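Enquirer: The file below is data-v9.txt, compact mmCIF, C-alpha atoms:
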# COMPACT_ATOMS: atom_id res chain seq x y z
CA MET U 1 0.00 0.00 0.00
CA ILE U 2 1.58 3.25 -1.17
CA SER U 3 0.13 5.40 1.62
CA LYS U 4 1.71 2.99 4.14
CA LYS U 5 5.00 3.34 2.27
CA LEU U 6 4.78 7.10 2.80
CA ILE U 7 4.21 6.54 6.51
CA ASP U 8 7.24 4.24 6.62
CA LEU U 9 9.23 7.11 5.11
CA GLY U 10 8.01 9.38 7.91
CA VAL U 11 5.62 11.43 5.78
CA LEU U 12 1.86 11.84 6.27
CA ALA U 13 0.08 13.42 3.30
CA LEU U 14 -3.26 14.89 4.25
CA ARG U 15 -6.10 16.95 2.90
CA GLN U 16 -8.15 19.43 4.88
CA ARG U 17 -11.83 20.23 4.89
CA ASN U 18 -12.82 23.85 5.23
CA SER U 19 -15.81 25.31 7.05
CA ARG U 20 -18.08 24.54 4.06
CA GLY U 21 -17.16 20.86 4.20
CA THR U 22 -15.33 20.91 0.88
CA PHE U 23 -11.62 20.31 0.42
CA LYS U 24 -9.09 23.08 0.75
CA PRO U 25 -6.86 23.25 -2.35
CA HIS U 26 -3.91 20.96 -2.70
CA VAL U 27 -2.16 19.09 0.08
CA SER U 28 -0.36 19.32 3.42
CA LEU U 29 2.58 17.22 4.60
CA ARG U 30 3.18 16.25 8.21
CA PHE U 31 6.58 14.93 9.30
CA ARG U 32 9.10 15.18 12.14
CA GLY U 33 12.07 17.53 11.95
CA ASN U 34 15.60 16.66 13.00
CA GLU U 35 14.77 17.32 16.66
CA GLY U 36 11.77 15.02 16.50
CA ASP U 37 9.21 17.84 16.59
CA LEU U 38 6.08 17.33 14.51
CA ARG U 39 5.89 19.80 11.60
CA THR U 40 3.21 20.56 9.01
CA PHE U 41 3.88 22.27 5.67
CA SER U 42 0.84 23.26 3.61
CA ILE U 43 1.59 23.38 -0.11
CA ASP U 44 0.08 25.85 -2.59
CA THR U 45 -3.08 26.24 -0.56
CA THR U 46 -5.30 28.84 1.02
CA ARG U 47 -4.82 29.95 4.60
CA THR U 48 -6.35 28.16 7.54
CA PRO U 49 -8.62 30.61 9.44
CA GLY U 50 -6.68 32.53 12.07
CA LYS U 51 -8.77 31.17 14.94
CA GLN U 52 -7.57 27.65 14.07
CA PRO U 53 -4.09 26.13 14.62
CA GLN U 54 -1.76 27.05 11.77
CA PRO U 55 0.69 24.92 9.78
CA ASP U 56 4.36 25.68 10.29
CA ALA U 57 4.58 27.01 6.72
CA TYR U 58 2.53 27.83 3.67
CA LEU U 59 4.86 26.95 0.80
CA ILE U 60 4.05 29.03 -2.31
CA THR U 61 5.81 27.61 -5.37
CA HIS U 62 4.85 30.51 -7.68
CA ALA U 63 2.38 33.33 -8.19
CA HIS U 64 -0.23 31.79 -10.49
CA SER U 65 -3.72 31.98 -9.03
CA ASP U 66 -4.33 28.22 -9.03
CA HIS U 67 -1.52 27.93 -6.46
CA HIS U 68 -3.35 30.23 -4.05
CA GLY U 69 -0.64 32.72 -3.12
CA LYS U 70 -3.30 35.45 -3.05
CA SER U 71 -4.55 33.92 0.19
CA ALA U 72 -1.32 32.51 1.63
CA MET U 73 0.66 35.73 1.04
CA LEU U 74 -1.26 37.34 3.90
CA SER U 75 0.12 34.90 6.46
CA PRO U 76 3.43 35.52 8.27
CA ARG U 77 4.02 31.78 7.82
CA ALA U 78 4.09 32.06 4.02
CA VAL U 79 7.34 31.12 2.29
CA CYS U 80 8.32 31.95 -1.29
CA THR U 81 11.09 33.53 -3.34
CA GLU U 82 11.59 37.28 -3.57
CA LYS U 83 10.46 37.30 -7.22
CA THR U 84 7.29 35.37 -6.38
CA ALA U 85 6.52 37.79 -3.53
CA THR U 86 6.94 40.75 -5.88
CA ALA U 87 4.70 39.14 -8.49
CA LEU U 88 2.02 38.43 -5.88
CA GLU U 89 2.09 42.06 -4.71
CA ILE U 90 1.77 43.42 -8.25
CA ARG U 91 -0.94 40.98 -9.26
CA HIS U 92 -3.10 41.34 -6.15
CA ASP U 93 -2.24 44.84 -4.91
CA LYS U 94 -1.58 43.51 -1.41
CA LYS U 95 1.49 43.44 0.82
CA TYR U 96 3.26 40.12 1.11
CA VAL U 97 3.81 39.51 4.84
CA GLY U 98 5.57 36.15 4.86
CA ASN U 99 9.17 34.98 4.58
CA MET U 100 11.25 35.41 1.44
CA CYS U 101 14.40 33.85 0.08
CA ARG U 102 16.38 34.09 -3.11
CA LEU U 103 16.05 31.21 -5.54
CA GLY U 104 18.73 28.67 -4.67
CA ASP U 105 18.98 29.74 -1.03
CA GLU U 106 18.26 27.72 2.08
CA ILE U 107 15.74 28.91 4.66
CA ASP U 108 15.14 27.68 8.21
CA ILE U 109 11.51 26.88 9.02
CA GLU U 110 11.03 25.93 12.66
CA GLY U 111 14.34 24.07 12.68
CA VAL U 112 13.84 22.45 9.27
CA THR U 113 16.38 23.44 6.62
CA VAL U 114 14.52 23.95 3.33
CA LYS U 115 16.38 24.57 0.08
CA THR U 116 14.88 26.05 -3.08
CA TYR U 117 15.59 24.95 -6.65
CA PRO U 118 14.41 26.51 -9.92
CA THR U 119 11.68 24.94 -12.04
CA GLU U 120 11.71 27.63 -14.79
CA HIS U 121 7.89 27.63 -14.88
CA THR U 122 7.77 31.35 -14.15
CA VAL U 123 10.45 33.79 -13.07
CA GLY U 124 11.04 33.02 -9.39
CA ALA U 125 9.15 29.72 -9.42
CA ALA U 126 10.69 27.42 -6.83
CA SER U 127 10.64 23.83 -5.73
CA PHE U 128 11.19 23.13 -2.01
CA TYR U 129 13.49 20.37 -0.70
CA TRP U 130 14.10 19.17 2.86
CA GLU U 131 14.82 16.04 4.89
CA ASN U 132 12.81 14.69 7.82
CA ASP U 133 14.05 13.07 11.02
CA VAL U 134 14.69 9.69 9.38
CA GLY U 135 16.56 11.18 6.44
CA THR U 136 13.74 10.99 3.89
CA ARG U 137 14.42 13.51 1.12
CA ILE U 138 11.20 15.39 0.27
CA LEU U 139 10.80 17.52 -2.87
CA VAL U 140 7.78 19.68 -3.75
CA THR U 141 8.04 20.96 -7.33
CA GLY U 142 5.01 23.07 -8.13
CA ASP U 143 4.68 23.36 -11.92
CA VAL U 144 7.79 22.48 -13.91
CA LYS U 145 9.21 23.63 -17.23
CA ASP U 146 12.81 22.44 -16.73
CA ALA U 147 13.67 19.71 -14.22
CA SER U 148 17.40 19.66 -14.94
CA LYS U 149 18.38 21.38 -11.68
CA LEU U 150 16.09 19.44 -9.35
CA PRO U 151 17.73 17.08 -6.82
CA PRO U 152 17.04 13.35 -6.41
CA CYS U 153 14.50 12.62 -3.69
CA ASP U 154 12.66 9.86 -1.85
CA VAL U 155 9.22 11.49 -1.81
CA LEU U 156 8.23 13.64 -4.79
CA ILE U 157 5.17 15.91 -4.73
CA THR U 158 4.59 17.13 -8.27
CA GLU U 159 2.19 18.27 -10.99
CA ALA U 160 0.39 16.74 -13.96
CA ASN U 161 -0.89 19.70 -15.99
CA TYR U 162 -0.04 17.72 -19.14
CA GLY U 163 0.25 14.35 -17.43
CA ASP U 164 -2.19 12.25 -19.48
CA PRO U 165 -0.01 10.18 -21.84
CA GLU U 166 -3.05 9.06 -23.85
CA ASP U 167 -4.11 12.63 -24.69
CA PRO U 168 -2.40 13.91 -27.86
CA SER U 169 -2.58 17.48 -26.51
CA CYS U 170 -0.23 16.41 -23.69
CA HIS U 171 2.60 15.77 -26.15
CA PHE U 172 4.33 18.84 -27.58
CA ALA U 173 7.56 20.72 -28.10
CA ASP U 174 8.06 24.48 -28.16
CA ASP U 175 7.74 25.80 -31.72
CA LEU U 176 10.37 28.52 -31.47
CA GLU U 177 10.86 28.77 -35.22
CA SER U 178 7.19 29.63 -35.85
CA MET U 179 7.29 32.33 -33.19
CA LYS U 180 10.45 33.80 -34.67
CA CYS U 181 8.95 33.83 -38.17
CA ALA U 182 5.76 35.50 -36.91
CA LEU U 183 7.78 38.11 -35.03
CA PHE U 184 9.73 39.21 -38.10
CA GLU U 185 6.82 39.19 -40.56
CA SER U 186 6.11 42.62 -42.03
CA GLY U 187 3.47 44.65 -40.27
CA PRO U 188 2.28 44.69 -36.67
CA VAL U 189 2.02 41.41 -34.76
CA ALA U 190 0.46 40.44 -31.43
CA PHE U 191 1.10 37.45 -29.22
CA GLY U 192 -1.57 36.34 -26.79
CA ALA U 193 0.07 35.46 -23.48
CA TYR U 194 -1.03 35.49 -19.83
CA GLU U 195 0.20 38.55 -17.95
CA PHE U 196 2.36 36.57 -15.55
CA GLY U 197 4.63 33.79 -16.71
CA LYS U 198 3.91 33.48 -20.43
CA ALA U 199 4.26 37.21 -21.13
CA GLN U 200 7.73 37.30 -19.56
CA ARG U 201 8.74 34.15 -21.46
CA ALA U 202 7.55 35.80 -24.67
CA VAL U 203 9.72 38.86 -24.01
CA GLU U 204 12.76 36.70 -23.17
CA LEU U 205 12.30 34.73 -26.39
CA MET U 206 11.84 37.81 -28.57
CA ARG U 207 14.96 39.44 -27.16
CA GLY U 208 16.78 36.15 -27.72
CA PHE U 209 15.63 36.15 -31.34
CA GLY U 210 17.28 39.54 -31.75
CA TYR U 211 14.26 41.81 -31.64
CA ASP U 212 15.29 45.03 -29.86
CA GLY U 213 12.30 47.25 -30.58
CA ALA U 214 9.47 48.28 -28.27
CA ILE U 215 7.03 45.67 -27.00
CA ARG U 216 3.59 47.07 -26.18
CA MET U 217 1.70 45.78 -23.14
CA GLU U 218 -0.99 46.87 -20.71
CA ALA U 219 0.23 48.45 -17.49
CA ARG U 220 0.23 45.51 -15.08
CA THR U 221 1.88 43.14 -17.55
CA ARG U 222 4.50 45.82 -18.10
CA ALA U 223 5.08 46.24 -14.36
CA LEU U 224 5.42 42.48 -13.91
CA THR U 225 7.82 42.15 -16.82
CA ARG U 226 10.05 45.00 -15.63
CA SER U 227 10.13 43.55 -12.12
CA MET U 228 10.76 39.96 -13.21
CA LEU U 229 13.33 40.43 -16.00
CA GLU U 230 16.70 42.14 -15.65
CA ASP U 231 16.90 43.07 -19.33
CA ALA U 232 13.37 43.36 -20.69
CA GLY U 233 14.35 46.10 -23.13
CA GLU U 234 11.91 48.80 -24.20
CA LEU U 235 8.34 48.21 -23.02
CA ALA U 236 5.58 50.59 -24.02
CA GLY U 237 1.88 51.08 -23.36
CA LEU U 238 -0.84 49.87 -25.68
CA ASP U 239 -1.74 53.40 -26.77
CA SER U 240 1.72 54.43 -27.97
CA GLY U 241 2.91 53.08 -31.21
CA ASN U 242 4.33 52.76 -34.63
CA GLU U 243 3.16 50.99 -37.73
CA ASP U 244 5.13 47.77 -37.21
CA ASP U 245 4.60 47.37 -33.48
CA VAL U 246 4.81 44.18 -31.48
CA PHE U 247 2.15 43.52 -28.82
CA VAL U 248 1.92 41.07 -25.94
CA VAL U 249 -1.61 40.97 -24.50
CA ALA U 250 -3.87 38.46 -22.78
CA PRO U 251 -5.36 36.01 -25.33
CA TRP U 252 -8.88 37.33 -24.68
CA ASP U 253 -7.75 40.90 -25.45
CA LEU U 254 -6.43 40.16 -28.93
CA ASN U 255 -9.79 41.13 -30.43
CA LYS U 256 -9.37 44.64 -29.00
CA LEU U 257 -6.36 45.31 -31.20
CA PRO U 258 -6.65 46.87 -34.70
CA TRP U 259 -7.82 44.65 -37.53
CA ASN U 260 -4.50 44.82 -39.37
CA VAL U 261 -2.48 43.32 -36.50
CA LYS U 262 -1.55 39.68 -37.11
CA LYS U 263 -2.66 37.76 -34.02
CA TYR U 264 -1.30 34.55 -32.50
CA VAL U 265 -1.72 32.78 -29.16
CA LEU U 266 1.29 31.29 -27.39
CA SER U 267 -0.22 28.13 -25.93
CA CYS U 268 -0.56 24.38 -26.24
CA ARG U 269 -4.33 24.67 -25.91
CA ALA U 270 -6.42 24.48 -29.05
CA ASP U 271 -9.55 26.38 -27.96
CA TYR U 272 -8.61 29.89 -29.08
CA PRO U 273 -10.02 31.56 -32.24
CA TYR U 274 -6.53 32.54 -33.42
CA PRO U 275 -3.57 30.59 -34.80
CA ILE U 276 -1.69 28.76 -32.06
CA ILE U 277 2.08 28.80 -31.67
CA LYS U 278 3.06 26.06 -29.26
CA ILE U 279 5.04 27.72 -26.49
CA SER U 280 4.51 26.15 -23.07
CA ASP U 281 5.58 26.86 -19.52
CA HIS U 282 5.18 23.18 -18.63
CA LEU U 283 6.74 19.83 -19.31
CA ASP U 284 4.63 17.59 -21.51
CA ALA U 285 3.67 14.01 -20.57
CA CYS U 286 7.00 12.56 -21.70
CA GLY U 287 8.91 15.32 -19.93
CA LEU U 288 7.06 14.67 -16.69
CA GLU U 289 7.80 10.97 -16.88
CA ASP U 290 11.46 11.67 -17.63
CA MET U 291 11.60 14.01 -14.62
CA VAL U 292 10.23 11.36 -12.26
CA ARG U 293 12.65 8.74 -13.61
CA LYS U 294 15.58 11.15 -13.14
CA LEU U 295 14.60 12.11 -9.57
CA ASN U 296 14.04 8.43 -8.74
CA PRO U 297 11.66 8.78 -5.76
CA GLU U 298 10.32 5.85 -3.77
CA VAL U 299 6.85 7.45 -3.85
CA THR U 300 5.45 10.14 -6.15
CA LEU U 301 2.39 12.11 -5.01
CA VAL U 302 0.65 13.97 -7.85
CA TYR U 303 -1.13 16.93 -6.26
CA HIS U 304 -2.02 19.34 -9.07
CA PRO U 305 -4.11 20.46 -11.02
CA GLY U 306 -7.81 19.89 -10.38
CA GLY U 307 -9.60 17.35 -12.55
CA HIS U 308 -8.53 13.94 -13.77
CA ARG U 309 -4.93 14.48 -14.85
CA PRO U 310 -3.26 13.82 -11.48
CA SER U 311 -5.02 10.45 -11.39
CA LYS U 312 -4.13 9.74 -15.03
CA PHE U 313 -0.46 10.52 -14.49
CA SER U 314 -0.32 8.60 -11.22
CA LYS U 315 -1.87 5.52 -12.85
CA HIS U 316 0.62 5.80 -15.70
CA LEU U 317 3.55 5.92 -13.27
CA ASN U 318 2.25 2.85 -11.45
CA SER U 319 1.85 1.04 -14.77
CA ILE U 320 5.57 1.49 -15.52
CA GLY U 321 6.65 0.37 -12.07
CA ILE U 322 6.95 3.74 -10.28
CA ASP U 323 4.98 3.84 -7.01
CA SER U 324 2.56 6.76 -7.11
CA ILE U 325 -0.58 8.14 -5.52
CA SER U 326 -2.76 11.04 -6.67
CA ILE U 327 -4.37 13.68 -4.49
CA ASP U 328 -7.84 12.16 -4.86
CA GLN U 329 -6.55 8.94 -3.27
CA ILE U 330 -5.35 10.61 -0.07
CA GLY U 331 -7.45 9.13 2.72
CA ASN U 332 -6.10 11.30 5.54
CA VAL U 333 -8.65 14.08 5.80
CA LEU U 334 -8.71 16.57 8.65
CA SER U 335 -10.78 19.63 9.36
CA ASN U 336 -9.02 22.94 9.98
CA GLU U 337 -9.12 22.62 13.76
CA PHE U 338 -6.97 19.49 13.66
CA ILE U 339 -4.09 20.75 11.50
Let me see whether you can do it: turn the structure in this file into structure tokens.
Expert:
Amino acid sequence: MISKKLIDLGVLALRQRNSRGTFKPHVSLRFRGNEGDLRTFSIDTTRTPGKQPQPDAYLITHAHSDHHGKSAMLSPRAVCTEKTATALEIRHDKKYVGNMCRLGDEIDIEGVTVKTYPTEHTVGAASFYWENDVGTRILVTGDVKDASKLPPCDVLITEANYGDPEDPSCHFADDLESMKCALFESGPVAFGAYEFGKAQRAVELMRGFGYDGAIRMEARTRALTRSMLEDAGELAGLDSGNEDDVFVVAPWDLNKLPWNVKKYVLSCRADYPYPIIKISDHLDACGLEDMVRKLNPEVTLVYHPGGHRPSKFSKHLNSIGIDSISIDQIGNVLSNEFI
């Protein structure tokens, strides 16, 4: 039984019910630190109400809304990188009140030494690594674009955004050549990209392709890009411009741009009414499997996203001989007052 194997490794994975009786997002881990003290780290989840006992840490892997930093950032027990904290403040217009570290640093959380490693999903996105009292190496990845710098572990808590090997849409490679060709076509061009994460990747790619002109964005995307990238180059507002301008806007705002602007969406999804250029911030199904093989855990817990893909990826891992459990199979369920 895989859940028993986790217990043997000194790790209890649990889910919490909130006051409405539904599940809080994502998962919490309970373990003992080096001194034998019981610790609880809640991962990419909303805060427990202040009147209830708190976990020792809210680990925020990055600032996308489905990882719930908007809630956790208001707790002094929040932990994330400096870049993630900045992105949360810009996106939600609130002060981050938790603990910060630089990507690659170690941080002490109630006597537990936690080290961060890059996942390249967004600027500042971090995985968290620590050991418990029996030496079990625990790694929480969040979403992953590049697993090359992640350390081997015994317990892996990871994602499955594109983790269904039987779904053709979960197999892809970045189409950099198509993006480069679109960028240097004559006339104005717009790339649909989410304001945080994809927009900054788009700017990095365009500068890497050799484009040194202005890139037009709305104000918050511009603020995020300037804060996240050291060399973003010239960024301008949507209302300033020249004939051959380059735009980066949210996919749903492409229709607000002039008719003569060539429009593309940078995505691996196929449900947009514009041509798609496959540029992803995630590993595909093969990349996720390769990551797990490389990290070589004894147990893999797939905790994200919502829906069926964690279960699909977990079942696939089990079918190839890698012990895995998905978040929907976690039988340890506590209400807030018992955290």
Enquirer: Residues at most 10 Å from U:Ala57, counting only C-alpha atoms, excluding those fewer than 5 positions away in the same chain, as a ChimeraX atom specification?
Expert: /U:28,39-43,72,75-79,98-99,109-110
Enquirer: Show which residues sit within 9 Å of stretch 13-17 of chain U, as JSON, numbers by chain. Count only C-alpha atoms, and ignore same-chain residues fewer than 6 positions away.
Expert: {"U": [3, 6, 7, 23, 24, 25, 26, 27, 28, 29, 30, 31, 301, 327, 330, 331, 332, 333, 334, 335, 336, 338, 339]}
Enquirer: Just to be explicit: take each residue in the selection above, keep C-alpha atoms, and write the result as an mmCIF file, in the frame of the given file.
Expert:
data_model
loop_
_atom_site.group_PDB
_atom_site.id
_atom_site.type_symbol
_atom_site.label_atom_id
_atom_site.label_comp_id
_atom_site.auth_asym_id
_atom_site.auth_seq_id
_atom_site.Cartn_x
_atom_site.Cartn_y
_atom_site.Cartn_z
ATOM 1 C CA SER U 3 0.130 5.400 1.620
ATOM 2 C CA LEU U 6 4.780 7.100 2.800
ATOM 3 C CA ILE U 7 4.210 6.540 6.510
ATOM 4 C CA PHE U 23 -11.620 20.310 0.420
ATOM 5 C CA LYS U 24 -9.090 23.080 0.750
ATOM 6 C CA PRO U 25 -6.860 23.250 -2.350
ATOM 7 C CA HIS U 26 -3.910 20.960 -2.700
ATOM 8 C CA VAL U 27 -2.160 19.090 0.080
ATOM 9 C CA SER U 28 -0.360 19.320 3.420
ATOM 10 C CA LEU U 29 2.580 17.220 4.600
ATOM 11 C CA ARG U 30 3.180 16.250 8.210
ATOM 12 C CA PHE U 31 6.580 14.930 9.300
ATOM 13 C CA LEU U 301 2.390 12.110 -5.010
ATOM 14 C CA ILE U 327 -4.370 13.680 -4.490
ATOM 15 C CA ILE U 330 -5.350 10.610 -0.070
ATOM 16 C CA GLY U 331 -7.450 9.130 2.720
ATOM 17 C CA ASN U 332 -6.100 11.300 5.540
ATOM 18 C CA VAL U 333 -8.650 14.080 5.800
ATOM 19 C CA LEU U 334 -8.710 16.570 8.650
ATOM 20 C CA SER U 335 -10.780 19.630 9.360
ATOM 21 C CA ASN U 336 -9.020 22.940 9.980
ATOM 22 C CA PHE U 338 -6.970 19.490 13.660
ATOM 23 C CA ILE U 339 -4.090 20.750 11.500
#
Enquirer: How many Å separate atom CA of U:Lys70 from atom CA of U:Pro251?
Expert: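 Between these atoms lies a distance of 22.4 Å.
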Enquirer: Using all atoms listed in the file, find the one residue out of U:Ile322, U:Ile60, U:Leu139, U:Ile276 that sits nearest to U:Asp290.
Expert: U:Ile322
Enquirer: Mind pulling up the distance from atom CA of U:Arg201 to atom CA of U:His64?
Expert: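 According to the coordinates, atom CA of U:His64 and atom CA of U:Arg201 are separated by 14.4 Å.
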Enquirer: How many Å lie between atom CA of U:Phe209 and atom CA of U:Leu229, rounded to one decimal?
Expert: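 Rounded to one decimal, the two atoms are 16.1 Å apart.
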Enquirer: Choose the residue, out of U:Phe247, U:Tyr272, U:Tyr211, U:Phe196, that has the smallest atom-to-atom separation from U:Ala223; count all atoms listed in the file.
Expert: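 The shortest atom-to-atom distance to U:Ala223 comes from U:Phe196.
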Enquirer: Write out as a VMD selection string each polymer residue whose atoms come within 8 Å of U:Ala250, counting all atoms listed in the file; drop sequence neighbours fewer than 4 positions from it.
Expert: chain U and resid 192 to 195 254
Enquirer: Let me make sure I understand: among U:Lys95, U:Arg32, U:Arg137, U:Lys315, which one has the smallest atom-to-atom distance to U:Pro165 if we use only C-alpha atoms?
Expert: U:Lys315
Enquirer: For U:Val302, find every residue with an atom within 9 Å (counting all atoms listed in the file), except residues of its own chain fewer than 4 positions away, and show them as a ChimeraX atom specification.
Expert: /U:156-160,309-311,313-314,324-327
Enquirer: Taking all atoms listed in the file into account, which of U:Pro168, U:Gly33, U:Ser280, U:Val155 comes nearest U:Asp108?
Expert: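 Nearest candidate to U:Asp108 out of U:Pro168, U:Gly33, U:Ser280, U:Val155: U:Gly33.
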Enquirer: (15.4, 37.1, 2.5) in this file's frame - what residues fall within 12 Å of it? Use all atoms listed in the file and give the answer as an MDAnalysis selection string.
Expert: chainID U and resid 79:83 85 98:108
